[in-house]
Structure formats: structure tokens, C-alpha cells
$ cat upload25.cif   # mmCIF, C-alpha atoms
data_input
#
loop_
_atom_site.group_PDB
_atom_site.id
_atom_site.type_symbol
_atom_site.label_atom_id
_atom_site.label_comp_id
_atom_site.auth_asym_id
_atom_site.auth_seq_id
_atom_site.Cartn_x
_atom_site.Cartn_y
_atom_site.Cartn_z
ATOM 1 C CA MET A 23 -36.246 41.355 7.704
ATOM 2 C CA THR A 24 -39.146 43.359 9.125
ATOM 3 C CA ALA A 25 -42.710 42.596 10.211
ATOM 4 C CA GLU A 26 -43.807 43.550 6.700
ATOM 5 C CA THR A 27 -41.349 41.313 4.856
ATOM 6 C CA ALA A 28 -40.575 37.606 4.761
ATOM 7 C CA LEU A 29 -38.528 35.055 2.843
ATOM 8 C CA TYR A 30 -40.172 32.957 0.166
ATOM 9 C CA ALA A 31 -38.296 29.627 -0.017
ATOM 10 C CA TYR A 32 -38.117 27.731 -3.324
ATOM 11 C CA ALA A 33 -35.880 24.719 -2.937
ATOM 12 C CA VAL A 34 -32.962 23.063 -1.185
ATOM 13 C CA LEU A 35 -29.649 23.015 -3.061
ATOM 14 C CA PRO A 36 -26.208 21.596 -2.359
ATOM 15 C CA ALA A 37 -23.883 23.872 -0.391
ATOM 16 C CA GLY A 38 -21.971 26.107 -2.752
ATOM 17 C CA ALA A 39 -24.673 26.212 -5.455
ATOM 18 C CA GLY A 40 -25.197 29.584 -7.070
ATOM 19 C CA VAL A 41 -28.353 31.655 -7.360
ATOM 20 C CA PRO A 42 -30.197 31.281 -10.680
ATOM 21 C CA GLN A 43 -29.549 33.790 -13.425
ATOM 22 C CA GLY A 44 -32.550 35.138 -15.289
ATOM 23 C CA ALA A 45 -35.165 33.114 -13.362
ATOM 24 C CA PRO A 46 -38.445 34.989 -12.852
ATOM 25 C CA GLY A 47 -38.832 34.438 -9.103
ATOM 26 C CA ILE A 48 -42.052 34.317 -7.129
ATOM 27 C CA LEU A 49 -42.892 37.991 -7.682
ATOM 28 C CA PRO A 50 -41.861 40.418 -10.422
ATOM 29 C CA ASP A 51 -38.403 41.873 -9.752
ATOM 30 C CA ALA A 52 -37.687 39.271 -7.074
ATOM 31 C CA THR A 53 -34.084 39.061 -5.944
ATOM 32 C CA PHE A 54 -32.464 35.830 -4.779
ATOM 33 C CA ALA A 55 -30.382 34.859 -1.789
ATOM 34 C CA LEU A 56 -29.198 31.645 -0.168
ATOM 35 C CA VAL A 57 -29.768 30.565 3.412
ATOM 36 C CA ALA A 58 -27.043 28.048 4.144
ATOM 37 C CA ALA A 59 -26.652 25.142 6.522
ATOM 38 C CA GLU A 60 -23.406 23.186 6.506
ATOM 39 C CA GLY A 61 -24.071 20.749 3.658
ATOM 40 C CA CYS A 62 -26.975 22.399 1.869
ATOM 41 C CA ALA A 63 -28.748 25.688 1.352
ATOM 42 C CA ALA A 64 -32.171 27.020 0.484
ATOM 43 C CA LEU A 65 -32.872 29.516 -2.277
ATOM 44 C CA VAL A 66 -35.086 32.377 -1.101
ATOM 45 C CA SER A 67 -36.491 35.710 -2.238
ATOM 46 C CA PRO A 68 -37.350 38.543 0.141
ATOM 47 C CA VAL A 69 -41.042 39.355 -0.374
ATOM 48 C CA PRO A 70 -43.718 41.519 1.225
ATOM 49 C CA ARG A 71 -45.888 39.485 3.578
ATOM 50 C CA ALA A 72 -49.167 41.205 2.808
ATOM 51 C CA PRO A 73 -50.184 39.363 -0.382
ATOM 52 C CA PHE A 74 -49.428 35.969 1.202
ATOM 53 C CA THR A 75 -51.012 36.433 4.607
ATOM 54 C CA GLU A 76 -54.482 37.144 5.916
ATOM 55 C CA GLY A 77 -55.526 40.777 5.689
ATOM 56 C CA PRO A 78 -56.920 43.346 3.301
ATOM 57 C CA ASP A 79 -54.076 42.893 0.794
ATOM 58 C CA CYS A 80 -54.124 39.086 0.826
ATOM 59 C CA ARG A 81 -54.108 37.596 -2.697
ATOM 60 C CA THR A 82 -54.040 33.874 -1.920
ATOM 61 C CA GLY A 83 -57.696 33.492 -2.867
ATOM 62 C CA ASP A 84 -57.154 34.954 -6.339
ATOM 63 C CA PRO A 85 -56.650 32.100 -8.826
ATOM 64 C CA ALA A 86 -55.023 34.306 -11.494
ATOM 65 C CA TRP A 87 -52.532 35.684 -8.975
ATOM 66 C CA ILE A 88 -51.845 32.192 -7.642
ATOM 67 C CA ALA A 89 -51.346 30.852 -11.180
ATOM 68 C CA ALA A 90 -48.742 33.538 -11.903
ATOM 69 C CA ARG A 91 -46.947 32.779 -8.611
ATOM 70 C CA ALA A 92 -47.031 29.039 -9.360
ATOM 71 C CA GLN A 93 -45.482 29.676 -12.764
ATOM 72 C CA GLY A 94 -42.781 31.847 -11.182
ATOM 73 C CA HIS A 95 -42.083 29.209 -8.523
ATOM 74 C CA HIS A 96 -41.837 26.447 -11.118
ATOM 75 C CA GLU A 97 -39.690 28.354 -13.603
ATOM 76 C CA THR A 98 -37.267 29.287 -10.844
ATOM 77 C CA VAL A 99 -37.033 25.697 -9.584
ATOM 78 C CA ALA A 100 -36.655 24.424 -13.165
ATOM 79 C CA ALA A 101 -33.813 26.897 -13.790
ATOM 80 C CA LEU A 102 -32.085 25.561 -10.666
ATOM 81 C CA ALA A 103 -32.676 21.949 -11.700
ATOM 82 C CA ALA A 104 -31.126 22.615 -15.101
ATOM 83 C CA CYS A 105 -27.860 23.446 -13.297
ATOM 84 C CA GLY A 106 -27.719 20.737 -10.634
ATOM 85 C CA PRO A 107 -29.596 18.722 -7.998
ATOM 86 C CA VAL A 108 -32.579 20.425 -6.391
ATOM 87 C CA LEU A 109 -35.195 19.431 -3.821
ATOM 88 C CA PRO A 110 -38.204 21.664 -4.455
ATOM 89 C CA LEU A 111 -40.067 22.856 -1.387
ATOM 90 C CA ALA A 112 -43.847 22.788 -1.389
ATOM 91 C CA PHE A 113 -45.320 25.799 -3.144
ATOM 92 C CA GLY A 114 -46.032 28.639 -0.736
ATOM 93 C CA ALA A 115 -43.348 28.332 1.963
ATOM 94 C CA LEU A 116 -42.754 31.680 3.627
ATOM 95 C CA PHE A 117 -40.347 32.273 6.514
ATOM 96 C CA SER A 118 -40.153 35.197 8.898
ATOM 97 C CA SER A 119 -36.347 35.401 8.712
ATOM 98 C CA PRO A 120 -33.279 33.329 7.753
ATOM 99 C CA GLU A 121 -32.884 31.855 11.261
ATOM 100 C CA PRO A 122 -35.885 29.465 11.344
ATOM 101 C CA LEU A 123 -35.170 28.329 7.801
ATOM 102 C CA GLY A 124 -31.501 27.733 8.685
ATOM 103 C CA ALA A 125 -32.627 25.766 11.736
ATOM 104 C CA TRP A 126 -35.023 23.693 9.606
ATOM 105 C CA LEU A 127 -32.205 22.862 7.183
ATOM 106 C CA ALA A 128 -29.713 22.054 9.961
ATOM 107 C CA ALA A 129 -32.167 19.729 11.733
ATOM 108 C CA ARG A 130 -32.430 17.392 8.711
ATOM 109 C CA GLU A 131 -29.256 18.208 6.866
ATOM 110 C CA GLU A 132 -28.093 14.601 6.523
ATOM 111 C CA ARG A 133 -31.365 13.508 4.906
ATOM 112 C CA LEU A 134 -31.462 16.531 2.631
ATOM 113 C CA VAL A 135 -27.905 15.901 1.448
ATOM 114 C CA ALA A 136 -28.721 12.213 0.822
ATOM 115 C CA ALA A 137 -31.865 13.142 -1.126
ATOM 116 C CA LEU A 138 -29.891 15.674 -3.178
ATOM 117 C CA ALA A 139 -27.451 12.897 -4.094
ATOM 118 C CA GLU A 140 -30.390 10.710 -5.189
ATOM 119 C CA VAL A 141 -31.822 13.343 -7.540
ATOM 120 C CA SER A 142 -28.449 14.286 -9.008
ATOM 121 C CA ALA A 143 -28.535 13.998 -12.825
ATOM 122 C CA CYS A 144 -32.152 12.811 -12.616
ATOM 123 C CA THR A 145 -35.441 14.237 -13.732
ATOM 124 C CA GLU A 146 -39.101 13.344 -13.170
ATOM 125 C CA VAL A 147 -41.359 12.126 -15.927
ATOM 126 C CA SER A 148 -45.059 11.376 -15.555
ATOM 127 C CA ALA A 149 -47.352 9.309 -17.732
ATOM 128 C CA ARG A 150 -50.987 10.315 -18.053
ATOM 129 C CA LEU A 151 -53.515 7.880 -19.424
ATOM 130 C CA GLU A 152 -56.387 9.825 -20.945
ATOM 131 C CA GLU A 153 -59.660 8.292 -22.016
ATOM 132 C CA ASP A 154 -62.026 9.398 -24.752
ATOM 133 C CA ALA A 155 -65.028 7.607 -23.232
ATOM 134 C CA GLN A 156 -67.008 7.408 -26.456
ATOM 135 C CA GLY A 157 -64.036 6.292 -28.537
ATOM 136 C CA HIS A 158 -63.019 3.737 -25.918
ATOM 137 C CA ALA A 159 -66.533 2.310 -25.782
ATOM 138 C CA ALA A 160 -66.654 2.094 -29.580
ATOM 139 C CA TRP A 161 -63.290 0.322 -29.707
ATOM 140 C CA LEU A 162 -64.347 -2.173 -27.034
ATOM 141 C CA ASP A 163 -67.640 -2.709 -28.799
ATOM 142 C CA ALA A 164 -65.761 -3.641 -31.937
ATOM 143 C CA HIS A 165 -63.112 -5.808 -30.246
ATOM 144 C CA ASP A 166 -64.788 -7.500 -27.270
ATOM 145 C CA PRO A 167 -66.554 -10.709 -28.403
ATOM 146 C CA GLY A 168 -68.876 -10.711 -25.379
ATOM 147 C CA LEU A 169 -70.103 -7.186 -26.059
ATOM 148 C CA ARG A 170 -70.489 -7.934 -29.733
ATOM 149 C CA ALA A 171 -72.560 -11.052 -28.993
ATOM 150 C CA LEU A 172 -74.859 -9.070 -26.682
ATOM 151 C CA ARG A 173 -75.375 -6.429 -29.348
ATOM 152 C CA GLU A 174 -76.177 -9.049 -31.964
ATOM 153 C CA ARG A 175 -78.607 -10.850 -29.643
ATOM 154 C CA ALA A 176 -80.344 -7.567 -28.800
ATOM 155 C CA ALA A 177 -80.711 -6.745 -32.492
ATOM 156 C CA GLY A 178 -82.685 -9.923 -33.093
ATOM 157 C CA ALA A 179 -84.728 -9.879 -29.863
ATOM 158 C CA GLY A 180 -88.101 -8.454 -28.911
ATOM 159 C CA ALA A 181 -88.331 -5.038 -27.251
ATOM 160 C CA GLY A 182 -88.318 -6.280 -23.650
ATOM 161 C CA THR A 183 -85.453 -8.706 -24.125
ATOM 162 C CA ALA A 184 -83.519 -6.116 -26.126
ATOM 163 C CA PHE A 185 -83.931 -3.653 -23.257
ATOM 164 C CA LEU A 186 -82.598 -6.159 -20.706
ATOM 165 C CA LEU A 187 -79.731 -7.184 -22.979
ATOM 166 C CA GLY A 188 -78.921 -3.494 -23.471
ATOM 167 C CA ARG A 189 -78.708 -2.970 -19.693
ATOM 168 C CA THR A 190 -76.442 -5.998 -19.356
ATOM 169 C CA ARG A 191 -74.273 -4.717 -22.170
ATOM 170 C CA GLU A 192 -73.952 -1.277 -20.524
ATOM 171 C CA ARG A 193 -72.741 -2.903 -17.290
ATOM 172 C CA LYS A 194 -70.278 -5.127 -19.132
ATOM 173 C CA LEU A 195 -69.032 -2.166 -21.159
ATOM 174 C CA ALA A 196 -68.372 -0.112 -18.023
ATOM 175 C CA ALA A 197 -66.504 -3.054 -16.481
ATOM 176 C CA ALA A 198 -64.513 -3.604 -19.682
ATOM 177 C CA ARG A 199 -63.513 0.065 -19.836
ATOM 178 C CA ALA A 200 -62.308 0.017 -16.247
ATOM 179 C CA ALA A 201 -60.473 -3.281 -16.691
ATOM 180 C CA ARG A 202 -58.672 -2.145 -19.826
ATOM 181 C CA HIS A 203 -57.733 1.188 -18.236
ATOM 182 C CA GLU A 204 -56.298 -0.673 -15.247
ATOM 183 C CA ALA A 205 -54.406 -3.127 -17.447
ATOM 184 C CA VAL A 206 -52.827 -0.387 -19.570
ATOM 185 C CA ALA A 207 -51.971 1.647 -16.466
ATOM 186 C CA GLY A 208 -50.315 -1.441 -14.985
ATOM 187 C CA GLU A 209 -48.271 -1.903 -18.141
ATOM 188 C CA LEU A 210 -47.208 1.742 -17.974
ATOM 189 C CA VAL A 211 -46.079 1.403 -14.371
ATOM 190 C CA THR A 212 -44.054 -1.681 -15.321
ATOM 191 C CA ARG A 213 -42.313 0.214 -18.128
ATOM 192 C CA LEU A 214 -41.684 3.228 -15.905
ATOM 193 C CA ARG A 215 -40.221 0.974 -13.217
ATOM 194 C CA GLN A 216 -37.842 -0.623 -15.718
ATOM 195 C CA HIS A 217 -36.229 2.754 -16.401
ATOM 196 C CA ALA A 218 -36.706 4.553 -13.086
ATOM 197 C CA ARG A 219 -34.429 5.152 -10.186
ATOM 198 C CA ALA A 220 -37.544 5.534 -8.036
ATOM 199 C CA LEU A 221 -41.304 5.770 -8.464
ATOM 200 C CA PRO A 222 -42.309 8.598 -6.133
ATOM 201 C CA GLY A 223 -45.822 8.869 -7.562
ATOM 202 C CA GLU A 224 -48.426 6.556 -9.029
ATOM 203 C CA MET A 225 -47.271 7.103 -12.609
ATOM 204 C CA THR A 226 -44.285 9.326 -11.960
ATOM 205 C CA ALA A 227 -40.721 8.148 -12.351
ATOM 206 C CA LEU A 228 -37.478 9.666 -11.172
ATOM 207 C CA VAL A 229 -35.213 8.817 -14.085
ATOM 208 C CA ARG A 230 -31.532 9.378 -14.782
ATOM 209 C CA GLN A 231 -31.314 11.934 -17.555
ATOM 210 C CA ALA A 232 -29.253 9.451 -19.556
ATOM 211 C CA ASP A 233 -32.140 6.945 -19.382
ATOM 212 C CA VAL A 234 -34.850 9.391 -20.492
ATOM 213 C CA PRO A 235 -34.496 8.686 -24.250
ATOM 214 C CA ALA A 236 -34.952 4.929 -23.718
ATOM 215 C CA LEU A 237 -37.971 5.533 -21.481
ATOM 216 C CA CYS A 238 -39.489 7.894 -24.040
ATOM 217 C CA ALA A 239 -38.924 5.384 -26.839
ATOM 218 C CA ASP A 240 -40.680 2.716 -24.760
ATOM 219 C CA LEU A 241 -43.588 5.041 -23.985
ATOM 220 C CA ALA A 242 -43.813 6.073 -27.639
ATOM 221 C CA ARG A 243 -44.318 2.416 -28.578
ATOM 222 C CA ILE A 244 -47.153 2.130 -26.059
ATOM 223 C CA ALA A 245 -48.662 5.391 -27.315
ATOM 224 C CA ALA A 246 -48.577 4.082 -30.886
ATOM 225 C CA ASP A 247 -50.253 0.828 -29.824
ATOM 226 C CA LEU A 248 -53.009 2.817 -28.100
ATOM 227 C CA ALA A 249 -53.725 5.063 -31.074
ATOM 228 C CA GLY A 250 -57.364 4.831 -32.147
ATOM 229 C CA THR A 251 -58.435 2.707 -29.177
ATOM 230 C CA GLY A 252 -59.994 5.467 -27.061
ATOM 231 C CA LEU A 253 -57.096 5.525 -24.614
ATOM 232 C CA ALA A 254 -54.177 7.899 -25.160
ATOM 233 C CA LEU A 255 -50.870 8.267 -23.410
ATOM 234 C CA ARG A 256 -49.542 11.705 -22.598
ATOM 235 C CA VAL A 257 -46.050 12.084 -21.212
ATOM 236 C CA VAL A 258 -45.572 15.105 -18.971
ATOM 237 C CA GLY A 259 -42.157 16.400 -18.112
ATOM 238 C CA PRO A 260 -39.332 16.637 -17.593
ATOM 239 C CA TRP A 261 -39.838 18.064 -14.128
ATOM 240 C CA PRO A 262 -37.592 18.869 -11.206
ATOM 241 C CA ALA A 263 -37.888 16.168 -8.536
ATOM 242 C CA TYR A 264 -41.120 17.541 -7.042
ATOM 243 C CA ALA A 265 -42.723 14.200 -6.202
ATOM 244 C CA TYR A 266 -39.475 12.602 -5.076
ATOM 245 C CA ALA A 267 -38.779 15.525 -2.722
ATOM 246 C CA ARG A 268 -42.205 15.110 -1.123
ATOM 247 C CA ALA A 269 -41.780 11.341 -0.760
ATOM 248 C CA ALA A 270 -38.186 11.457 0.518
ATOM 249 C CA LEU A 271 -38.920 13.968 3.268
ATOM 250 C CA ALA A 272 -42.499 12.896 3.956
ATOM 251 C CA ASP A 273 -41.969 12.153 7.636
ATOM 252 C CA GLY A 274 -40.525 15.498 8.577
ATOM 253 C CA MET B 28 -45.627 11.309 -27.979
ATOM 254 C CA ALA B 29 -42.910 10.473 -30.491
ATOM 255 C CA GLU B 30 -41.279 13.835 -29.773
ATOM 256 C CA PRO B 31 -38.323 13.656 -27.378
ATOM 257 C CA LEU B 32 -38.763 15.503 -24.082
ATOM 258 C CA PRO B 33 -37.189 18.949 -23.973
ATOM 259 C CA PRO B 34 -34.214 19.547 -21.670
ATOM 260 C CA LEU B 35 -35.194 20.518 -18.145
ATOM 261 C CA GLY B 36 -35.767 24.248 -17.778
ATOM 262 C CA SER B 37 -35.530 24.962 -21.498
ATOM 263 C CA GLN B 38 -39.191 25.215 -22.361
ATOM 264 C CA PRO B 39 -42.125 26.475 -20.345
ATOM 265 C CA GLN B 40 -44.549 23.767 -19.319
ATOM 266 C CA ALA B 41 -48.262 24.295 -19.865
ATOM 267 C CA LEU B 42 -49.722 26.239 -16.967
ATOM 268 C CA VAL B 43 -52.290 23.569 -16.230
ATOM 269 C CA ASP B 44 -49.536 20.957 -15.917
ATOM 270 C CA VAL B 45 -47.522 23.258 -13.642
ATOM 271 C CA LEU B 46 -50.517 23.834 -11.391
ATOM 272 C CA ASP B 47 -51.307 20.145 -11.357
ATOM 273 C CA ARG B 48 -47.685 19.344 -10.505
ATOM 274 C CA LEU B 49 -47.461 21.843 -7.663
ATOM 275 C CA LEU B 50 -50.702 20.699 -6.041
ATOM 276 C CA ASP B 51 -49.261 17.876 -4.038
ATOM 277 C CA THR B 52 -45.490 17.886 -4.329
ATOM 278 C CA GLY B 53 -42.385 19.428 -2.854
ATOM 279 C CA VAL B 54 -41.005 19.051 0.629
ATOM 280 C CA VAL B 55 -43.613 20.004 3.206
ATOM 281 C CA LEU B 56 -42.091 22.103 5.954
ATOM 282 C CA ASP B 57 -42.883 21.833 9.627
ATOM 283 C CA GLY B 58 -45.839 24.027 10.357
ATOM 284 C CA GLN B 59 -46.871 24.350 6.757
ATOM 285 C CA ILE B 60 -49.982 22.362 7.482
ATOM 286 C CA VAL B 61 -50.338 23.343 11.142
ATOM 287 C CA LEU B 62 -49.827 27.059 11.096
ATOM 288 C CA SER B 63 -47.168 28.507 13.322
ATOM 289 C CA LEU B 64 -48.815 31.625 14.630
ATOM 290 C CA ALA B 65 -47.269 32.496 17.949
ATOM 291 C CA GLY B 66 -43.652 32.036 16.977
ATOM 292 C CA VAL B 67 -44.188 33.371 13.477
ATOM 293 C CA ASP B 68 -41.283 31.196 12.447
ATOM 294 C CA LEU B 69 -42.945 29.934 9.360
ATOM 295 C CA VAL B 70 -44.960 33.015 8.688
ATOM 296 C CA HIS B 71 -47.982 31.867 6.922
ATOM 297 C CA VAL B 72 -49.021 29.559 4.635
ATOM 298 C CA GLY B 73 -52.541 28.427 5.047
ATOM 299 C CA LEU B 74 -51.461 25.669 2.753
ATOM 300 C CA ARG B 75 -54.964 24.311 2.483
ATOM 301 C CA ALA B 76 -56.340 27.653 1.293
ATOM 302 C CA LEU B 77 -53.402 28.117 -1.028
ATOM 303 C CA LEU B 78 -53.800 24.685 -2.553
ATOM 304 C CA ALA B 79 -57.514 25.262 -2.990
ATOM 305 C CA SER B 80 -56.601 28.332 -5.015
ATOM 306 C CA VAL B 81 -54.104 26.337 -7.071
ATOM 307 C CA ASP B 82 -56.788 23.739 -7.715
ATOM 308 C CA ARG B 83 -59.255 26.454 -8.710
ATOM 309 C CA ALA B 84 -56.680 28.072 -11.011
ATOM 310 C CA ALA B 85 -56.006 24.697 -12.627
ATOM 311 C CA ARG B 86 -59.705 24.150 -13.229
ATOM 312 C CA LEU B 87 -60.123 27.629 -14.691
ATOM 313 C CA THR B 88 -57.186 26.937 -16.996
ATOM 314 C CA THR B 89 -58.784 23.760 -18.341
ATOM 315 C CA SER B 90 -62.423 24.896 -18.480
ATOM 316 C CA PRO B 91 -63.656 27.534 -20.890
ATOM 317 C CA PRO B 92 -65.537 30.340 -19.135
ATOM 318 C CA ALA B 93 -69.297 29.884 -18.908
ATOM 319 C CA PRO B 94 -71.211 31.814 -21.558
ATOM 320 C CA ALA B 95 -72.722 35.081 -20.415
ATOM 321 C CA PRO B 96 -76.434 34.851 -19.617
#
$ encode --input "upload25.cif" --output "C-alpha cells"
Amino acid sequence: MTAETALYAYAVLPAGAGVPQGAPGILPDATFALVAAEGCAALVSPVPRAPFTEGPDCRTGDPAWIAARAQGHHETVAALAACGPVLPLAFGALFSSPEPLGAWLAAREERLVAALAEVSACTEVSARLEEDAQGHAAWLDAHDPGLRALRERAAGAGAGTAFLLGRTRERKLAAARAARHEAVAGELVTRLRQHARALPGEMTALVRQADVPALCADLARIAADLAGTGLALRVVGPWPAYAYARAALADG
Amino acid sequence: MAEPLPPLGSQPQALVDVLDRLLDTGVVLDGQIVLSLAGVDLVHVGLRALLASVDRAARLTTSPPAPAP
């Protein structure tokens, strides 16, 4: 390792894990190596420092370059996760040499090994509740008796009263949208919790791979119930245990 | 949503979802927020700047470019 090079670190793996075959790496033509502690190891690629650090060749402010690096980071971590337990490191971790990374691993080896055991045979799945504001308002307008009554009263009222009733209806509609969004989100969290080993994020579940089909079937039922109501459920995943890794090692 | 999820690592995720996922996840290393300059143990990271770029890339991925004047 020289002053011009560094190690890009992707993830923590169990001791004895192999390097990924055919993964893209953080930069084109990246090679892989392992930095080992006793019970775990980190996957790294030697990289030039210049694009990652301040200076004339720095690329970290270039969104297109960052997007390509993020894709390379993710695809490499996903390739690892397809073969066994993985704790992804935060995107962008660069070490000067193997020694400080080895020391970092050794200092928290017990916790890393325990977290690796937790994510074994698990994957992360996230639910996203997406609102079509106009469609949601129209659905509520048609299904909420209070909103319907206000509309009907406004239709038969004079201009001034109709204006005031319209303002009231707008406020009630906004409150109804928020309340329904919250209620559906709460239902989603309940379903996720029923299938999850842990909930490391607001609507993100760490799920045993064997339990994923049942979770997806449950979410599909909710998605079908939501169809045409202005709220839609999108399931994102499966992911390596990104959120769990952050939560499990949050305090250092 | 009726489609089953693909096996992990078998299918590329949408870039915008990858960027969104990487924004606030993964184990944060010592010094990744507070830069280690003197020791140069953890070489860089300027995580805040990096994450701002990830956020910007995610927004560019979701938003069509503005029409030329």
C-alpha cells in the first residue's frame, strides 16, 4: 500500500469466506482481497486514493460517478450475500492499509460475529407506501361520509357559505389523507413484524429467507386491497442486511 | 406486487433503489463521520459530502432533466 493507494472496504464476512467471483467491485477491474481478524474478515479492493479524496482528481462530487460506484458496491455486497452472511459497511469506507482495518475488526470481533449469526439465511425487505395524492383524495371523497356531506352542503349553499364549507372540507381531506396513510403504514409494520426476525428500519424487515414467500403473500393481499384507493404498496428487495448492520453496530 | 421477490444477488435492483438504500445504511466505521486526518488510518471519507452526492444522484435518477431554455 502506498500514499497513492488505499483499500476500499465492502463488508464483514465470516472467517474463511471466499472472495466473490464475477462481482463488479467498486471500480472497473477491481481485484478483491480479505483482511482477516480471528472470527471474521472484511472484503476489500485496492484502489487509487485520488478519486475518493480531496484534490484535483477527486470525483466524489460527481453524481454519475458516485452512482456507478454505488452500483458496484451494492452488486458486490449482493454477490457476497447470495453466498452467506454479510454485514455491509457504509458506502465509501476507505482504509490506508490492512492494519487499521484489521484493528477495527479485532476490536469488535465478538459483536461482528454475533451480528453475522443473526443475518445468516436472512434477507432485508422494505415496504414503501406510495400516494397518488389526487387519486387518494378522490377515493376519500367517495368513501368518507363527512367529506361527502360537506360537498353536498356546499353544492346547495350560497357563494360565501360554499367557500367556507370548501375550506373546511380541504382541511378535513388533508387530515383524512394523513390518518389513512398512518393507519395503512401501521398495518404494514404489524404484518412485517409478524414475519420478521428484526425490524431495523421503519418499514424494513430482516426476514429469514424461508419466511419471505409468506411475507410476500401477506403484502400482496394488502397491495390488492389498496388497488384503486390512491395508496399503493411497493415492496423493495431482497437486500443484503444493510439496515440491520447499521442498527446492530450503531454504537461503535 | 403479486410477483415473488427474486433471489438475492440474481437481479440488478433499480439504481434509484440502490442509491436510496445506501444513503443511510451499513456499518459506520470509527472516523467515517469525524475524519481521521493525522493518522490517516481511515483515509478519507467525507461521508457527508459523499452522501450528499448519493442523494443528488438519486434525485437525478428520479427526475427528468429540465428542458433546455
$ resolve_selection --input "upload25.cif" --expression "the PyMOL selection byres ((chain A and resi 148) around 8)" --output "list in words"
Glu146, Val147, Ala149, Arg150, Met225, Thr226, Ala227, Val257, Val258 and Gly259 of chain A
$ closest_atom_pairs --input "upload25.cif" --of "chain A" --to "chain B" --cutoff "8 Å" --atoms "all atoms listed in the file" --output "CSV"
residue,atom,partner,partner_atom,distance
A:Ala28,CA,B:Val70,CA,7.5
A:Phe74,CA,B:His71,CA,7.2
A:Thr75,CA,B:His71,CA,5.9
A:Thr82,CA,B:Leu77,CA,5.9
A:Gly83,CA,B:Ser80,CA,5.7
A:Asp84,CA,B:Ser80,CA,6.8
A:Pro85,CA,B:Ala84,CA,4.6
A:Ala86,CA,B:Ala84,CA,6.5
A:Ile88,CA,B:Val81,CA,6.3
A:Ala89,CA,B:Ala84,CA,6.0
A:Ala92,CA,B:Leu46,CA,6.6
A:Gln93,CA,B:Val45,CA,6.8
A:His96,CA,B:Val45,CA,7.0
A:Glu97,CA,B:Gly36,CA,7.0
A:Ala100,CA,B:Gly36,CA,4.7
A:Ala101,CA,B:Gly36,CA,5.2
A:Ala103,CA,B:Leu35,CA,7.1
A:Ala104,CA,B:Leu35,CA,5.5
A:Leu109,CA,B:Gly53,CA,7.3
A:Pro110,CA,B:Gly53,CA,5.0
A:Leu111,CA,B:Gly53,CA,4.4
A:Ala112,CA,B:Gly53,CA,3.9
A:Phe113,CA,B:Leu49,CA,6.4
A:Gly114,CA,B:Val72,CA,6.2
A:Ala115,CA,B:Val72,CA,6.4
A:Leu116,CA,B:Val70,CA,5.7
A:Phe117,CA,B:Leu69,CA,4.5
A:Ser118,CA,B:Val70,CA,5.3
A:Ser119,CA,B:Asp68,CA,7.5
A:Pro122,CA,B:Asp68,CA,5.8
A:Thr145,CA,B:Leu35,CA,7.7
A:Pro235,CA,B:Pro31,CA,7.0
A:Cys238,CA,B:Pro31,CA,6.8
A:Ala239,CA,B:Ala29,CA,7.4
A:Leu241,CA,B:Met28,CA,7.7
A:Ala242,CA,B:Ala29,CA,5.3
A:Ala245,CA,B:Met28,CA,6.7
A:Leu255,CA,B:Met28,CA,7.6
A:Arg256,CA,B:Met28,CA,6.7
A:Val257,CA,B:Met28,CA,6.8
A:Val258,CA,B:Asp44,CA,7.7
A:Gly259,CA,B:Leu32,CA,6.9
A:Pro260,CA,B:Leu35,CA,5.7
A:Trp261,CA,B:Leu35,CA,6.6
A:Pro262,CA,B:Leu35,CA,7.5
A:Ala263,CA,B:Gly53,CA,7.9
A:Tyr264,CA,B:Gly53,CA,4.8
A:Ala265,CA,B:Thr52,CA,5.0
A:Tyr266,CA,B:Gly53,CA,7.7
A:Ala267,CA,B:Gly53,CA,5.3
A:Arg268,CA,B:Val54,CA,4.5
A:Ala269,CA,B:Val54,CA,7.9
A:Leu271,CA,B:Val54,CA,6.1
A:Ala272,CA,B:Val54,CA,7.2
A:Gly274,CA,B:Asp57,CA,6.8
$ atom_distance --input "upload25.cif" --atom1 "CA of Leu138 (chain A)" --atom2 "CA of Arg219 (chain A)"
13.4 Å
$ atom_distance --input "upload25.cif" --atom1 "CA of Val211 (chain A)" --atom2 "CA of Glu224 (chain A)"
7.8 Å
$ residues_around --input "upload25.cif" --residues "Ala55 (chain A)" --least-positions-apart "4" --cutoff "10 Å" --atoms "all atoms listed in the file" --output "list in words"
Leu29, Ala31, Gly40, Val41, Pro42, Ala63, Ala64, Leu65, Val66, Ser67 and Pro68 of chain A
$ atom_distance --input "upload25.cif" --atom1 "CA of Val34 (chain A)" --atom2 "CA of Ala220 (chain A)"
19.4 Å
$ closest_residue --input "upload25.cif" --among "A:Ala90, A:Ala72, A:Val135, A:Val108" --to "Leu35 (chain A)" --atoms "only C-alpha atoms"
A:Val108
$ resolve_selection --input "upload25.cif" --expression "the PyMOL selection byres ((chain A and resi 169) around 12)" --output "NGL selection string"
:A and (159-168 or 170-176 or 187-199)
